[in-house]
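Below you'll find the structure, written out as structure tokens, and then a few comments.
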Amino acid sequence: MFPRYLRLSPADRDELERCIQIFLAEKRFESAAGQPITDEVRVTIAAQACFLLLHRNTAVYPGLFSIIVYPGEYVAHDRRRDERGFIAEGLQVRRGETAGRGALVLSWSDVVRGASDAHGGRNIVFHEFAHELDRESGSFDGAPILPQPATNRAWARTLSAEFRALRERLARGEPTDLDPYGATNPAEFFAVVTESFFQRPDELQQAHPKLYEELRRFYRQDPASTLSSA
């Protein structure tokens, strides 16, 4: 179900398994729309969430208490402010979201798709749990707590430049190797490039070397190197 596990070193497997045990002990899983909450559901989500924490010596998502799981895509009420300051409301089909008040929502079918495809561009668990890491700094702004505060300036400079470049390419109607959803705001940009970092690391490293290096330092992993040596 999670082939990345098989590529880990014995030490990393042990670390991941310890994190999974803590995650399962601390987090509550809730069913939505009849989705069964089985051990497979719990462990598959926990394994991917904990994968982002390898080597980071950090708490296991301390602000998260509940994971709500739907069988597949679901419809949620959406309320957002556009660039002109107007508030738009409506219904939106979603695959996952950070719901606030310590809850996170996931589509099980998308969880399975991301877990089984280690080389695809999308992974809903990586995306939503990147938001959780971002939130630990106090706000959703694409600026999570860095392991070395002295690197804050380099992080802000690199991610801001890449975010602006993505928005400019889309405004010109040019193709982009990054998910256009990342142009929504800095928080979504961080979540989107986290997916790319783990799902398409060689492409990200070649096209955006400075961005890759900032993510490598933050996550303390080098997935491009791991893939090339596998």
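Convention: chains lettered A, B, ... in structure tokens order; per-chain residue numbering from 1; ligands numbered from 1 as shown.
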* To do: Fewer than 2 positions away in the same chain doesn't count, so skip those; otherwise give me all residues within 12 Å of Arg164 in chain A, counting only C-alpha atoms, as a PyMOL selection string.
  => chain A and resi 156-162+166-171+180+182-186+189
* **9 Å contact set for Arg94 in chain A, only C-alpha atoms, chain neighbours under 3 positions out, as JSON, numbers by chain** => {"A": [72, 73, 74, 75, 76, 97, 106, 107]}
* Excluding Phe198 in chain A and any residue of its chain fewer than 5 positions from it, enumerate the residues within 12 Å of it, using only C-alpha atoms, and give them as a PyMOL selection string. => chain A and resi 4+48+51-52+114-115+117-127+130+191-193+203-205+212+215-216+219-227
Kindly save the residues from that selection, with C-alpha atoms included, as a compact mmCIF listing (two decimals), in the first residue's frame.
```txt
# COMPACT_ATOMS: atom_id res chain seq x y z
CA ARG A 4 8.12 4.10 -0.17
CA GLN A 48 2.26 9.07 4.80
CA PHE A 51 6.90 10.28 6.27
CA LEU A 52 7.05 14.09 6.26
CA GLY A 114 -1.20 8.88 -3.60
CA ALA A 115 0.20 6.12 -1.41
CA ASP A 117 1.90 5.92 -6.84
CA ALA A 118 5.26 7.12 -5.57
CA HIS A 119 6.07 8.91 -8.83
CA GLY A 120 2.81 10.68 -9.64
CA GLY A 121 2.39 14.39 -9.11
CA ARG A 122 -0.39 14.23 -6.52
CA ASN A 123 -0.49 13.04 -2.93
CA ILE A 124 -3.39 14.39 -0.89
CA VAL A 125 -1.90 13.32 2.45
CA PHE A 126 1.40 15.09 1.77
CA HIS A 127 -0.55 18.17 0.66
CA ALA A 130 2.11 20.17 4.71
CA ALA A 191 1.65 22.36 -0.03
CA VAL A 192 1.90 21.90 -3.81
CA VAL A 193 5.70 22.02 -3.91
CA GLU A 203 12.06 17.02 -12.04
CA LEU A 204 11.79 19.60 -9.25
CA GLN A 205 15.52 19.52 -8.60
CA TYR A 212 14.48 21.91 -4.05
CA LEU A 215 12.73 21.86 0.84
CA ARG A 216 15.62 19.42 1.30
CA TYR A 219 12.36 18.08 5.41
CA ARG A 220 15.88 16.75 5.98
CA GLN A 221 15.37 14.30 3.15
CA ASP A 222 16.81 14.07 -0.36
CA PRO A 223 14.26 12.10 -2.40
CA ALA A 224 15.98 12.77 -5.75
CA SER A 225 19.10 11.07 -4.44
CA THR A 226 17.06 8.24 -2.92
CA LEU A 227 15.31 7.55 -6.23
```
* Return as a ChimeraX atom specification the full set of residues in range 86-209 of chain A whose backbone-based DSSP assignment is helix (DSSP H, G or I). => /A:108-116,124-135,149-171,180-183,186-199,201-207,209
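In terms of minimum interatomic distance to Leu104 in chain A, A:Lys27 ranks closest within A:Arg172, A:Glu40, A:Leu178, A:Lys27, counting only C-alpha atoms.
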* Closest to Arg135 in chain A among A:Thr151, A:Ser116, A:Ser109, A:Thr98, using only C-alpha atoms? -> A:Thr98
* Looking at only C-alpha atoms, which of A:Glu213, A:Glu128, A:Glu188, A:Glu26 is the one that sits closest to Ala143 in chain A? ->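 Of A:Glu213, A:Glu128, A:Glu188, A:Glu26, the one nearest Ala143 in chain A is A:Glu188, counting only C-alpha atoms.
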* Asked: When distances are computed from only C-alpha atoms, which of A:Val43, A:Ala187, A:Ala154, A:Ala49 shows the smallest separation from Lys210 in chain A?
  -> A:Ala154
* Fewer than 5 positions away in the same chain doesn't count, so skip those; otherwise give me all residues within 9 Å of Asp12 in chain A, counting only C-alpha atoms, as a PyMOL selection string. => chain A and resi 5+17+54-55
Include C-alpha atoms and write out the residues we just selected as a tab-separated table (two decimals), in the first residue's frame.
```
chain	number	residue	atom	x	y	z
A	5	TYR	CA	8.44	2.13	3.06
A	17	GLU	CA	7.14	2.95	12.72
A	54	LEU	CA	11.44	11.66	9.17
A	55	HIS	CA	14.73	13.01	10.58
```
* To do: Please give the complete set of residues from chain A that DSSP, run on the backbone, assigns to strand (DSSP E or B), formatted as a PyMOL selection string.
  => chain A and resi 28-31+66-70+74-81+87-94+96-100+103-107
* All residues 8 Å or closer to Glu132 in chain A, only C-alpha atoms, same chain fewer than 5 positions away omitted, as a PyMOL selection string -> chain A and resi 61+63-64+98
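Atom pair CA of Leu6 in chain A / CA of Asp39 in chain A: separated by 19.2 Å.
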* To do: Can you work out the spacing between CA of Val105 in chain A and CA of Cys19 in chain A in Å, to one decimal?
  =>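 We find that CA of Val105 in chain A and CA of Cys19 in chain A lie 20.2 Å from each other.
Comparing A:Glu15, A:Val69, A:Thr58, A:Trp155 by their smallest distance to Glu30 in chain A, the closest is A:Val69 (using only C-alpha atoms).
CA of Pro3 in chain A to CA of Ile67 in chain A spans 22.5 Å [interatomic distance, one decimal].
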